[in-house]
Amino acid sequence: MGGVARGELLPAGPGGGDARGAVFDGDGMTELAQRVTAPVHLVARVSDGQLGLADGRSAVHGLGHGLVPVGTLPALYPEWLGERAFGRAHGVRFPYVAGEMARGISTTSLVAAMARADMLAFFGAGGLPPVEVERAAHELRTGLADRRNWGVNLIHTPADASWEEQVADRLVGAAVPCVSASAFMELTPAVVRCAAVGLRQDRAGRIIRPVAVFAKVSRPELARAFMLPAPGALLRHLVAHGRLTEYEAGLAAHVPVAEDITVEADSGGHTDRRPLAALLPGVVALRDELAARHRLARPVRVGAAGGLGEPAAVAAAFALGAAYVVTGSVNQMSVEAGVCAEAKAMLAEAGVADTAMAPAADMFEMGAQVQVLRRGTLFAGRAARLERVYRQYPSLDAVPAAERRSLERDVLGASIDAVWTWTYDYWTRRDPAELARAEADPKHRMALVFRWYLSRSNRWAVTGDPRRRADYQLWCGPAAGAFNRWSAGSFLAVPGRRTVVQIALNLLQGAAVVTRAHQLRTSGVALPPRAFRFRPRLLR
């Protein structure tokens, strides 16, 4: 241990030099620096002014003979990295959220595991039929009893507002305690209803809200909309349609739509790919400005998501002011994630540059894109080809015969006529109005055919269709590559040991280690680079 003694620090002998228990070498200081849950003393050597460290559980009074105490850093726990108010609001120990991954990739078992570990997670409801969302919500409600540290995703569906409303109906009916609103471009009746339903006042006049809305944003103007009370017109609309009571709407006018705003940077799936270091401070400043201008009594917490795949990134998010962190791509490699084993193996090989942008199935005609895994799959290139054809031709009939045959052979893996038959059957069940639109607009018919591939490619990755391995669509950001680099050679490099809870605990513990090392460095301690590195280990 490089001279670290247990018990009280003692001064050096008559010959001068270091007291027993004080360390100045790299190995000794690294070991003490990484004991983050114990205080650490900073001591200076009079002879040359060099700073060293001593075990904070020892006394430093009476140091002499060449050593003087400089200061003490208190214990640092992973639980303390974010805002304490976050834990109190949601009944959690750690300021950490496992974010929703659509189509049930964030499974009910993943959510339950996180909840029982005193963290928070969201079921990935995006792209699932409302009845499946309802089934998952009731399963979680039953299995987690009175816990409130779990939730379900509500994704914006601008092309089908009724679908969004149906999902909101299920979330309200199942009394889901937390709702993560993602991909929203504006406030809608569905998300405002989730935020306002059940509002009441306690005897002291404080407004109590049974549903906590987390709003994922990547633009300040959208953050602003969620940070303020819902517009009166939207509240009146909900009252007029029997979705809210006058009492609930009246209280909603006095609280923000969301009291947890997640700033989403360069993430997997839908993303604007903005750097967290540029985006998060601006949203935090906006929060403070709005709170002062509108005299908002309700605290709005600002969290961080996107690119958080190793401890230094998590520590950086907290240093930027994040109240909590949200992870996504790294959890897709966990044993609880709802993708096939082969897909997880592909993700485990990813590097930080092994991602690409591809057209999004749900907003294809709007030009929206998602970030996906590039390594080991041809999906991104094939999806981009479909988008080029869609932009170039007015209809499927206008596509040259040779191009059409190539699309059928090299991308769709089936004839366009067969794909249209499958598409027709799907929309007959879900929304026949889409078929009427396709009948009147050949361009929309082409979009529906191409969206079939974009939708099915993710399903193939979930179910593990070996015939379509080259078409797997895996939503993934650079965080996956960062995680693989950090965990290499550790127990977290083994797919079967990558539980969502161990991923979370190790990222948090590592972030605490990095934070402590930075505290010491800014105090003048010359720590070696290895003091900033945390190796994954089994944590409880």
# chains A, B, ... in the order shown; residues from 1 in each chain; ligands from 1
>>> residues_around(residues="segment 391-403 of chain A", least_positions_apart="6", cutoff="10 Å", atoms="only C-alpha atoms", output="list in words")
Glu365, Gly367, Arg385, Arg409, Ile416, Asp441, Pro442, Lys443, His444, Arg445, Met446, Ala447 and Val449 of chain A
>>> write_last_selection(atoms="N, CA and C atoms", output="PDB file, in the first residue's frame")
ATOM      1  N   GLU A 365     -41.127  10.001 -43.930  1.00  0.00           N
ATOM      2  CA  GLU A 365     -41.478  11.037 -44.903  1.00  0.00           C
ATOM      3  C   GLU A 365     -41.080  12.436 -44.435  1.00  0.00           C
ATOM      4  N   GLY A 367     -38.185  12.963 -43.059  1.00  0.00           N
ATOM      5  CA  GLY A 367     -36.734  13.024 -43.179  1.00  0.00           C
ATOM      6  C   GLY A 367     -35.986  12.794 -41.884  1.00  0.00           C
ATOM      7  N   ARG A 385     -30.248   3.740 -49.136  1.00  0.00           N
ATOM      8  CA  ARG A 385     -30.590   3.536 -50.541  1.00  0.00           C
ATOM      9  C   ARG A 385     -32.091   3.678 -50.759  1.00  0.00           C
ATOM     10  N   ARG A 409     -34.010  -7.688 -54.572  1.00  0.00           N
ATOM     11  CA  ARG A 409     -32.999  -8.717 -54.311  1.00  0.00           C
ATOM     12  C   ARG A 409     -32.047  -8.322 -53.183  1.00  0.00           C
ATOM     13  N   ILE A 416     -41.649  -6.383 -54.320  1.00  0.00           N
ATOM     14  CA  ILE A 416     -42.385  -5.206 -53.864  1.00  0.00           C
ATOM     15  C   ILE A 416     -43.866  -5.521 -53.739  1.00  0.00           C
ATOM     16  N   ASP A 441     -52.286   8.732 -53.233  1.00  0.00           N
ATOM     17  CA  ASP A 441     -50.942   9.305 -53.347  1.00  0.00           C
ATOM     18  C   ASP A 441     -49.910   8.203 -53.541  1.00  0.00           C
ATOM     19  N   PRO A 442     -49.463   7.969 -54.779  1.00  0.00           N
ATOM     20  CA  PRO A 442     -48.478   6.905 -55.038  1.00  0.00           C
ATOM     21  C   PRO A 442     -47.171   7.083 -54.263  1.00  0.00           C
ATOM     22  N   LYS A 443     -46.819   8.323 -53.988  1.00  0.00           N
ATOM     23  CA  LYS A 443     -45.582   8.577 -53.229  1.00  0.00           C
ATOM     24  C   LYS A 443     -45.725   8.031 -51.809  1.00  0.00           C
ATOM     25  N   HIS A 444     -46.913   8.172 -51.227  1.00  0.00           N
ATOM     26  CA  HIS A 444     -47.139   7.650 -49.880  1.00  0.00           C
ATOM     27  C   HIS A 444     -47.132   6.129 -49.891  1.00  0.00           C
ATOM     28  N   ARG A 445     -47.656   5.546 -50.953  1.00  0.00           N
ATOM     29  CA  ARG A 445     -47.614   4.084 -51.066  1.00  0.00           C
ATOM     30  C   ARG A 445     -46.163   3.600 -51.082  1.00  0.00           C
ATOM     31  N   MET A 446     -45.306   4.278 -51.808  1.00  0.00           N
ATOM     32  CA  MET A 446     -43.893   3.910 -51.829  1.00  0.00           C
ATOM     33  C   MET A 446     -43.295   4.041 -50.428  1.00  0.00           C
ATOM     34  N   ALA A 447     -43.653   5.112 -49.714  1.00  0.00           N
ATOM     35  CA  ALA A 447     -43.141   5.296 -48.359  1.00  0.00           C
ATOM     36  C   ALA A 447     -43.560   4.151 -47.451  1.00  0.00           C
ATOM     37  N   VAL A 449     -44.214   1.062 -48.277  1.00  0.00           N
ATOM     38  CA  VAL A 449     -43.443  -0.132 -48.639  1.00  0.00           C
ATOM     39  C   VAL A 449     -42.037  -0.058 -48.044  1.00  0.00           C
TER      40      VAL A 449
END
>>> closest_atom_pairs(of="segment 271-359 of chain A", to="segment 92-113 of chain A", cutoff="10 Å", atoms="only C-alpha atoms", output="tab-separated table")
residue	atom	partner	partner_atom	distance
A:Gly303	CA	A:Pro95	CA	9.1
A:Ala304	CA	A:Tyr96	CA	9.8
A:Ala305	CA	A:Gly99	CA	8.6
A:Val314	CA	A:Tyr96	CA	9.9
A:Phe318	CA	A:Pro95	CA	9.8
A:Ala322	CA	A:Pro95	CA	9.4
A:Ala323	CA	A:Pro95	CA	7.0
A:Tyr324	CA	A:Pro95	CA	4.6
A:Val325	CA	A:Tyr96	CA	5.1
A:Val326	CA	A:Val97	CA	4.6
A:Thr327	CA	A:Ala98	CA	5.2
A:Gly328	CA	A:Gly99	CA	5.3
A:Ser329	CA	A:Met101	CA	8.4
A:Val330	CA	A:Ala98	CA	9.3
A:Asn331	CA	A:Ala98	CA	7.2
A:Gln332	CA	A:Ile105	CA	7.1
A:Ser334	CA	A:Leu110	CA	8.6
A:Val335	CA	A:Leu110	CA	8.6
A:Glu336	CA	A:Leu110	CA	5.1
A:Ala337	CA	A:Ile105	CA	5.4
A:Gly338	CA	A:Ile105	CA	4.0
A:Val339	CA	A:Ile105	CA	6.2
A:Cys340	CA	A:Ile105	CA	9.9
>>> select_by_dssp(residues="segment 338-528 of chain A", states="strand (DSSP E or B)", output="list in words")
Thr355, Ala356, Met357, Ala358, Pro359, Gln369, Val370, Gln371, Val372, Leu373 and Trp475 of chain A
>>> write_last_selection(atoms="N, CA and C atoms", output="tab-separated table (two decimals), in the first residue's frame")
chain	number	residue	atom	x	y	z
A	355	THR	N	-20.86	3.69	-35.82
A	355	THR	CA	-22.27	4.01	-35.92
A	355	THR	C	-22.52	4.79	-37.20
A	356	ALA	N	-23.77	4.88	-37.59
A	356	ALA	CA	-24.15	5.62	-38.79
A	356	ALA	C	-25.57	6.13	-38.61
A	357	MET	N	-25.94	7.10	-39.41
A	357	MET	CA	-27.31	7.62	-39.39
A	357	MET	C	-28.12	6.95	-40.50
A	358	ALA	N	-29.38	6.67	-40.20
A	358	ALA	CA	-30.26	6.00	-41.15
A	358	ALA	C	-31.66	6.59	-41.01
A	359	PRO	N	-32.48	6.49	-42.06
A	359	PRO	CA	-33.85	7.03	-41.98
A	359	PRO	C	-34.66	6.30	-40.92
A	369	GLN	N	-34.04	10.92	-38.83
A	369	GLN	CA	-33.05	9.86	-38.85
A	369	GLN	C	-32.81	9.31	-37.44
A	370	VAL	N	-32.25	8.11	-37.42
A	370	VAL	CA	-31.85	7.47	-36.16
A	370	VAL	C	-30.39	7.05	-36.28
A	371	GLN	N	-29.72	6.98	-35.13
A	371	GLN	CA	-28.33	6.51	-35.12
A	371	GLN	C	-28.32	5.01	-34.82
A	372	VAL	N	-27.60	4.26	-35.65
A	372	VAL	CA	-27.62	2.80	-35.57
A	372	VAL	C	-26.20	2.24	-35.63
A	373	LEU	N	-26.10	0.98	-35.28
A	373	LEU	CA	-24.82	0.27	-35.41
A	373	LEU	C	-24.49	0.08	-36.89
A	475	TRP	N	-30.29	0.26	-32.68
A	475	TRP	CA	-30.11	1.66	-32.28
A	475	TRP	C	-28.93	1.74	-31.33
>>> residues_around(residues="Arg193 of chain A", least_positions_apart="5", cutoff="10 Å", atoms="only C-alpha atoms", output="PyMOL selection string")
chain A and resi 165+168-169+172+188+198+230+234-235+238-239+243-244+248-249+252+257
>>> write_last_selection(atoms="C-alpha atoms", output="compact mmCIF listing (two decimals), in the first residue's frame")
# COMPACT_ATOMS: atom_id res chain seq x y z
CA GLU A 165 -53.68 8.93 -27.21
CA ALA A 168 -51.60 7.54 -22.87
CA ASP A 169 -54.96 5.95 -21.98
CA VAL A 172 -53.20 6.51 -17.03
CA THR A 188 -49.60 17.35 -27.31
CA GLY A 198 -54.52 13.10 -10.66
CA ALA A 230 -49.18 23.66 -19.96
CA LEU A 234 -54.45 22.57 -24.25
CA LEU A 235 -55.85 22.28 -20.73
CA LEU A 238 -58.59 18.20 -22.31
CA VAL A 239 -61.35 19.34 -19.97
CA ARG A 243 -59.67 13.89 -20.20
CA LEU A 244 -59.08 16.17 -17.20
CA GLU A 248 -56.84 19.08 -12.32
CA ALA A 249 -56.58 21.64 -15.11
CA ALA A 252 -51.82 22.16 -13.88
CA VAL A 257 -45.42 20.02 -17.48
>>> residues_around(residues="Ala360 of chain A", least_positions_apart="2", cutoff="12 Å", atoms="only C-alpha atoms", output="MDAnalysis selection string")
chainID A and resid 127 183 268:271 357:358 362:372 379:380 383:384 386:387 447 450:458 473:475
>>> write_last_selection(atoms="C-alpha atoms", output="compact mmCIF listing (two decimals), in the first residue's frame")
# COMPACT_ATOMS: atom_id res chain seq x y z
CA GLY A 127 -43.50 1.00 -31.61
CA ALA A 183 -39.15 12.39 -29.60
CA GLY A 268 -28.70 5.94 -30.24
CA GLY A 269 -32.03 6.05 -32.05
CA HIS A 270 -33.67 9.43 -32.61
CA THR A 271 -30.99 12.03 -32.02
CA MET A 357 -27.31 7.62 -39.39
CA ALA A 358 -30.26 6.00 -41.15
CA ASP A 362 -41.81 6.29 -37.84
CA MET A 363 -40.92 9.65 -39.41
CA PHE A 364 -39.59 8.51 -42.78
CA GLU A 365 -41.48 11.04 -44.90
CA MET A 366 -40.40 13.87 -42.59
CA GLY A 367 -36.73 13.02 -43.18
CA ALA A 368 -36.02 12.11 -39.55
CA GLN A 369 -33.05 9.86 -38.85
CA VAL A 370 -31.85 7.47 -36.16
CA GLN A 371 -28.33 6.51 -35.12
CA VAL A 372 -27.62 2.80 -35.57
CA PHE A 379 -28.79 -1.93 -42.60
CA ALA A 380 -27.60 1.69 -42.65
CA ALA A 383 -31.89 2.04 -45.60
CA ALA A 384 -30.09 5.04 -47.10
CA LEU A 386 -34.34 3.30 -49.97
CA GLU A 387 -34.37 6.93 -48.93
CA ALA A 447 -43.14 5.30 -48.36
CA PHE A 450 -40.02 1.21 -47.65
CA ARG A 451 -41.16 1.73 -44.05
CA TRP A 452 -41.93 -2.00 -43.94
CA TYR A 453 -38.21 -2.73 -44.28
CA LEU A 454 -37.23 -0.03 -41.80
CA SER A 455 -39.66 -1.41 -39.22
CA ARG A 456 -39.01 -5.10 -39.76
CA SER A 457 -35.22 -4.71 -39.58
CA ASN A 458 -35.40 -3.93 -35.89
CA GLN A 473 -31.19 -2.45 -37.18
CA LEU A 474 -29.65 -1.80 -33.77
CA TRP A 475 -30.11 1.66 -32.28
>>> residues_around(residues="Tyr247 of chain A", least_positions_apart="4", cutoff="9 Å", atoms="only C-alpha atoms", output="NGL selection string")
:A and (199-200 or 251-252)
>>> write_last_selection(atoms="N, CA and C atoms", output="mmCIF file, in the first residue's frame")
data_model
loop_
_atom_site.group_PDB
_atom_site.id
_atom_site.type_symbol
_atom_site.label_atom_id
_atom_site.label_comp_id
_atom_site.auth_asym_id
_atom_site.auth_seq_id
_atom_site.Cartn_x
_atom_site.Cartn_y
_atom_site.Cartn_z
ATOM 1 N N LEU A 199 -53.661 15.371 -10.334
ATOM 2 C CA LEU A 199 -53.115 16.452 -9.513
ATOM 3 C C LEU A 199 -54.074 16.794 -8.372
ATOM 4 N N ARG A 200 -53.505 17.046 -7.211
ATOM 5 C CA ARG A 200 -54.327 17.409 -6.048
ATOM 6 C C ARG A 200 -53.476 18.255 -5.102
ATOM 7 N N LEU A 251 -54.987 23.179 -11.322
ATOM 8 C CA LEU A 251 -53.700 22.964 -10.666
ATOM 9 C C LEU A 251 -52.561 22.875 -11.688
ATOM 10 N N ALA A 252 -52.850 22.304 -12.855
ATOM 11 C CA ALA A 252 -51.819 22.162 -13.880
ATOM 12 C C ALA A 252 -51.291 23.510 -14.353
#
>>> closest_residue(among="A:Ala480, A:Val167, A:Val217, A:Leu347", to="Cys194 of chain A", atoms="only C-alpha atoms")
A:Val167
>>> atom_distance(atom1="atom CA of Leu76 of chain A", atom2="atom CA of Thr30 of chain A")
15.4 Å
>>> closest_residue(among="A:Val70, A:Cys178, A:Met29, A:Ala316", to="His41 of chain A", atoms="only C-alpha atoms")
A:Val70
>>> closest_residue(among="A:Ala175, A:Pro129, A:Ala341, A:Leu187", to="Thr142 of chain A", atoms="only C-alpha atoms")
A:Ala175
>>> residues_around(residues="segment 512-522 of chain A", least_positions_apart="3", cutoff="8 Å", atoms="only C-alpha atoms", output="PyMOL selection string")
chain A and resi 33-36+76-78+81+311-312+315+508-509+525-527+531-534
>>> closest_residue(among="A:Met346, A:Ala479, A:Val500, A:Leu144", to="Ala265 of chain A", atoms="only C-alpha atoms")
A:Ala479
>>> atom_distance(atom1="atom CA of Trp460 of chain A", atom2="atom CA of Ala361 of chain A")
14.3 Å
>>> select_by_dssp(residues="segment 239-478 of chain A", states="helix (DSSP H, G or I)", output="number ranges by chain")
A: 239-240, 246-252, 276-293, 311-319, 329-333, 341-348, 364-366, 379-392, 401-412, 416-430, 432-440, 442-463, 466-471, 478
>>> write_last_selection(atoms="C-alpha atoms", output="compact mmCIF listing (two decimals), in the first residue's frame")
# COMPACT_ATOMS: atom_id res chain seq x y z
CA VAL A 239 -61.35 19.34 -19.97
CA ALA A 240 -63.81 19.73 -22.84
CA GLU A 246 -61.59 21.39 -14.01
CA TYR A 247 -59.78 20.90 -10.71
CA GLU A 248 -56.84 19.08 -12.32
CA ALA A 249 -56.58 21.64 -15.11
CA GLY A 250 -56.61 24.48 -12.58
CA LEU A 251 -53.70 22.96 -10.67
CA ALA A 252 -51.82 22.16 -13.88
CA LEU A 276 -23.59 17.40 -24.29
CA ALA A 277 -21.01 19.98 -23.19
CA ALA A 278 -22.66 22.60 -25.41
CA LEU A 279 -26.29 21.66 -24.81
CA LEU A 280 -26.60 20.86 -21.09
CA PRO A 281 -25.28 24.14 -19.60
CA GLY A 282 -27.61 26.12 -21.84
CA VAL A 283 -30.67 24.18 -20.71
CA VAL A 284 -29.61 24.51 -17.06
CA ALA A 285 -29.28 28.28 -17.55
CA LEU A 286 -32.69 28.37 -19.23
CA ARG A 287 -34.19 26.53 -16.28
CA ASP A 288 -32.77 29.11 -13.86
CA GLU A 289 -33.93 32.00 -16.03
CA LEU A 290 -37.51 30.70 -16.29
CA ALA A 291 -37.67 29.92 -12.58
CA ALA A 292 -36.69 33.50 -11.74
CA ARG A 293 -38.83 35.19 -14.37
CA PRO A 311 -17.13 6.53 -15.97
CA ALA A 312 -15.35 9.67 -17.17
CA ALA A 313 -18.33 10.58 -19.37
CA VAL A 314 -20.75 10.06 -16.48
CA ALA A 315 -18.53 12.15 -14.19
CA ALA A 316 -18.40 14.87 -16.83
CA ALA A 317 -22.21 14.96 -17.07
CA PHE A 318 -22.49 15.49 -13.33
CA ALA A 319 -19.75 18.11 -13.44
CA SER A 329 -26.94 2.07 -25.69
CA VAL A 330 -24.96 0.31 -22.95
CA ASN A 331 -28.11 -1.31 -21.57
CA GLN A 332 -28.90 -2.90 -24.92
CA MET A 333 -25.93 -5.20 -24.22
CA ALA A 341 -27.86 -12.95 -28.37
CA GLU A 342 -26.29 -12.45 -31.79
CA ALA A 343 -27.30 -8.79 -31.79
CA LYS A 344 -25.71 -8.32 -28.36
CA ALA A 345 -22.53 -9.96 -29.64
CA MET A 346 -22.48 -7.50 -32.54
CA LEU A 347 -22.90 -4.58 -30.15
CA ALA A 348 -20.08 -5.96 -27.99
CA PHE A 364 -39.59 8.51 -42.78
CA GLU A 365 -41.48 11.04 -44.90
CA MET A 366 -40.40 13.87 -42.59
CA PHE A 379 -28.79 -1.93 -42.60
CA ALA A 380 -27.60 1.69 -42.65
CA GLY A 381 -26.46 1.53 -46.27
CA ARG A 382 -29.55 -0.32 -47.43
CA ALA A 383 -31.89 2.04 -45.60
CA ALA A 384 -30.09 5.04 -47.10
CA ARG A 385 -30.59 3.54 -50.54
CA LEU A 386 -34.34 3.30 -49.97
CA GLU A 387 -34.37 6.93 -48.93
CA ARG A 388 -32.51 7.98 -52.09
CA VAL A 389 -34.97 6.12 -54.28
CA TYR A 390 -37.89 7.66 -52.41
CA ARG A 391 -36.49 11.17 -52.94
CA GLN A 392 -35.70 10.51 -56.62
CA ALA A 401 -37.14 -2.05 -63.73
CA ALA A 402 -33.47 -2.81 -63.09
CA GLU A 403 -33.45 -0.61 -59.96
CA ARG A 404 -36.66 -2.24 -58.77
CA ARG A 405 -35.24 -5.75 -59.19
CA SER A 406 -32.07 -4.72 -57.37
CA LEU A 407 -34.09 -3.33 -54.43
CA GLU A 408 -36.10 -6.52 -54.21
CA ARG A 409 -33.00 -8.72 -54.31
CA ASP A 410 -30.47 -6.70 -52.32
CA VAL A 411 -32.57 -4.76 -49.79
CA LEU A 412 -36.14 -5.92 -49.30
CA ILE A 416 -42.39 -5.21 -53.86
CA ASP A 417 -45.79 -6.74 -54.54
CA ALA A 418 -45.36 -9.14 -51.62
CA VAL A 419 -44.21 -6.34 -49.33
CA TRP A 420 -47.24 -4.28 -50.32
CA THR A 421 -49.54 -7.21 -49.50
CA TRP A 422 -48.02 -7.50 -46.03
CA THR A 423 -48.17 -3.72 -45.60
CA TYR A 424 -51.79 -3.62 -46.72
CA ASP A 425 -52.77 -6.28 -44.20
CA TYR A 426 -51.01 -4.39 -41.37
CA TRP A 427 -52.63 -1.03 -42.08
CA THR A 428 -56.03 -2.66 -42.57
CA ARG A 429 -55.84 -3.67 -38.92
CA ARG A 430 -54.17 -0.56 -37.55
CA PRO A 432 -57.28 1.95 -42.89
CA ALA A 433 -57.01 5.70 -43.51
CA GLU A 434 -53.36 5.13 -44.40
CA LEU A 435 -54.46 2.84 -47.22
CA ALA A 436 -56.90 5.40 -48.54
CA ARG A 437 -54.11 7.94 -48.55
CA ALA A 438 -51.79 5.52 -50.34
CA GLU A 439 -54.46 4.89 -52.96
CA ALA A 440 -54.67 8.62 -53.66
CA PRO A 442 -48.48 6.90 -55.04
CA LYS A 443 -45.58 8.58 -53.23
CA HIS A 444 -47.14 7.65 -49.88
CA ARG A 445 -47.61 4.08 -51.07
CA MET A 446 -43.89 3.91 -51.83
CA ALA A 447 -43.14 5.30 -48.36
CA LEU A 448 -45.26 2.60 -46.72
CA VAL A 449 -43.44 -0.13 -48.64
CA PHE A 450 -40.02 1.21 -47.65
CA ARG A 451 -41.16 1.73 -44.05
CA TRP A 452 -41.93 -2.00 -43.94
CA TYR A 453 -38.21 -2.73 -44.28
CA LEU A 454 -37.23 -0.03 -41.80
CA SER A 455 -39.66 -1.41 -39.22
CA ARG A 456 -39.01 -5.10 -39.76
CA SER A 457 -35.22 -4.71 -39.58
CA ASN A 458 -35.40 -3.93 -35.89
CA ARG A 459 -37.82 -6.78 -35.28
CA TRP A 460 -35.34 -9.18 -36.92
CA ALA A 461 -32.69 -8.02 -34.44
CA VAL A 462 -35.08 -8.59 -31.56
CA THR A 463 -36.20 -12.07 -32.59
CA PRO A 466 -30.63 -15.63 -38.93
CA ARG A 467 -31.70 -15.11 -42.55
CA ARG A 468 -31.79 -11.35 -42.03
CA ARG A 469 -28.67 -10.88 -39.90
CA ALA A 470 -27.21 -8.44 -42.42
CA ASP A 471 -30.33 -6.31 -42.02
CA PRO A 478 -20.87 6.05 -29.47
>>> residues_around(residues="Pro256 of chain A", least_positions_apart="2", cutoff="6 Å", atoms="only C-alpha atoms", output="PyMOL selection string")
chain A and resi 227-229+258
>>> atom_distance(atom1="atom CA of Ala121 of chain A", atom2="atom CA of Leu538 of chain A")
20.8 Å
>>> closest_residue(among="A:Leu120, A:Ala137, A:Val191, A:Glu132", to="Ile155 of chain A", atoms="only C-alpha atoms")
A:Val191
>>> closest_residue(among="A:Ala181, A:Ala511, A:Ala225, A:Ala504", to="Gly126 of chain A", atoms="only C-alpha atoms")
A:Ala181
>>> closest_atom_pairs(of="segment 110-221 of chain A", to="segment 296-302 of chain A", cutoff="12 Å", atoms="only C-alpha atoms", output="JSON lines")
{"residue": "A:Arg206", "atom": "CA", "partner": "A:Arg298", "partner_atom": "CA", "distance": 9.9}
{"residue": "A:Ile207", "atom": "CA", "partner": "A:Arg298", "partner_atom": "CA", "distance": 9.2}
{"residue": "A:Ile208", "atom": "CA", "partner": "A:Arg298", "partner_atom": "CA", "distance": 10.8}
{"residue": "A:Arg209", "atom": "CA", "partner": "A:Arg298", "partner_atom": "CA", "distance": 11.3}
{"residue": "A:Ala212", "atom": "CA", "partner": "A:Val300", "partner_atom": "CA", "distance": 11.4}
{"residue": "A:Val213", "atom": "CA", "partner": "A:Val300", "partner_atom": "CA", "distance": 11.1}
{"residue": "A:Phe214", "atom": "CA", "partner": "A:Arg301", "partner_atom": "CA", "distance": 9.6}
{"residue": "A:Ala215", "atom": "CA", "partner": "A:Val302", "partner_atom": "CA", "distance": 9.6}
{"residue": "A:Lys216", "atom": "CA", "partner": "A:Val302", "partner_atom": "CA", "distance": 10.0}
{"residue": "A:Val217", "atom": "CA", "partner": "A:Val302", "partner_atom": "CA", "distance": 10.3}
{"residue": "A:Ser218", "atom": "CA", "partner": "A:Val302", "partner_atom": "CA", "distance": 11.9}
{"residue": "A:Pro220", "atom": "CA", "partner": "A:Val302", "partner_atom": "CA", "distance": 11.9}
>>> decode(residues="segment 484-525 of chain A", atoms="C-alpha atoms", output="CSV table (one decimal), in the first residue's frame")
chain,number,residue,atom,x,y,z
A,484,ASN,CA,-16.6,-1.9,-24.8
A,485,ARG,CA,-13.2,-0.2,-24.6
A,486,TRP,CA,-13.6,0.5,-20.8
A,487,SER,CA,-14.9,-3.0,-19.9
A,488,ALA,CA,-12.4,-4.9,-22.0
A,489,GLY,CA,-10.7,-7.6,-20.0
A,490,SER,CA,-13.0,-7.2,-17.0
A,491,PHE,CA,-16.0,-9.3,-15.9
A,492,LEU,CA,-18.3,-6.9,-17.8
A,493,ALA,CA,-16.7,-8.0,-21.1
A,494,VAL,CA,-18.5,-11.3,-20.7
A,495,PRO,CA,-22.0,-11.0,-22.2
A,496,GLY,CA,-23.6,-13.3,-19.6
A,497,ARG,CA,-22.4,-11.1,-16.8
A,498,ARG,CA,-23.5,-7.7,-18.2
A,499,THR,CA,-26.5,-7.2,-16.0
A,500,VAL,CA,-28.2,-3.8,-16.2
A,501,VAL,CA,-27.6,-3.3,-12.5
A,502,GLN,CA,-23.9,-4.1,-12.6
A,503,ILE,CA,-23.4,-1.8,-15.6
A,504,ALA,CA,-25.1,1.0,-13.6
A,505,LEU,CA,-23.3,0.4,-10.3
A,506,ASN,CA,-19.9,0.3,-12.1
A,507,LEU,CA,-20.5,3.4,-14.1
A,508,LEU,CA,-21.6,5.3,-11.0
A,509,GLN,CA,-18.7,4.0,-8.8
A,510,GLY,CA,-16.3,4.8,-11.6
A,511,ALA,CA,-17.7,8.3,-11.9
A,512,ALA,CA,-17.2,8.8,-8.2
A,513,VAL,CA,-13.5,7.7,-8.6
A,514,VAL,CA,-13.0,10.1,-11.5
A,515,THR,CA,-14.6,12.9,-9.6
A,516,ARG,CA,-12.5,12.4,-6.5
A,517,ALA,CA,-9.3,12.3,-8.7
A,518,HIS,CA,-10.2,15.6,-10.3
A,519,GLN,CA,-10.9,17.1,-6.9
A,520,LEU,CA,-7.4,16.1,-5.8
A,521,ARG,CA,-5.8,17.3,-9.0
A,522,THR,CA,-7.4,20.7,-8.7
A,523,SER,CA,-6.1,20.8,-5.1
A,524,GLY,CA,-2.6,20.5,-6.4
A,525,VAL,CA,-1.9,16.7,-5.9
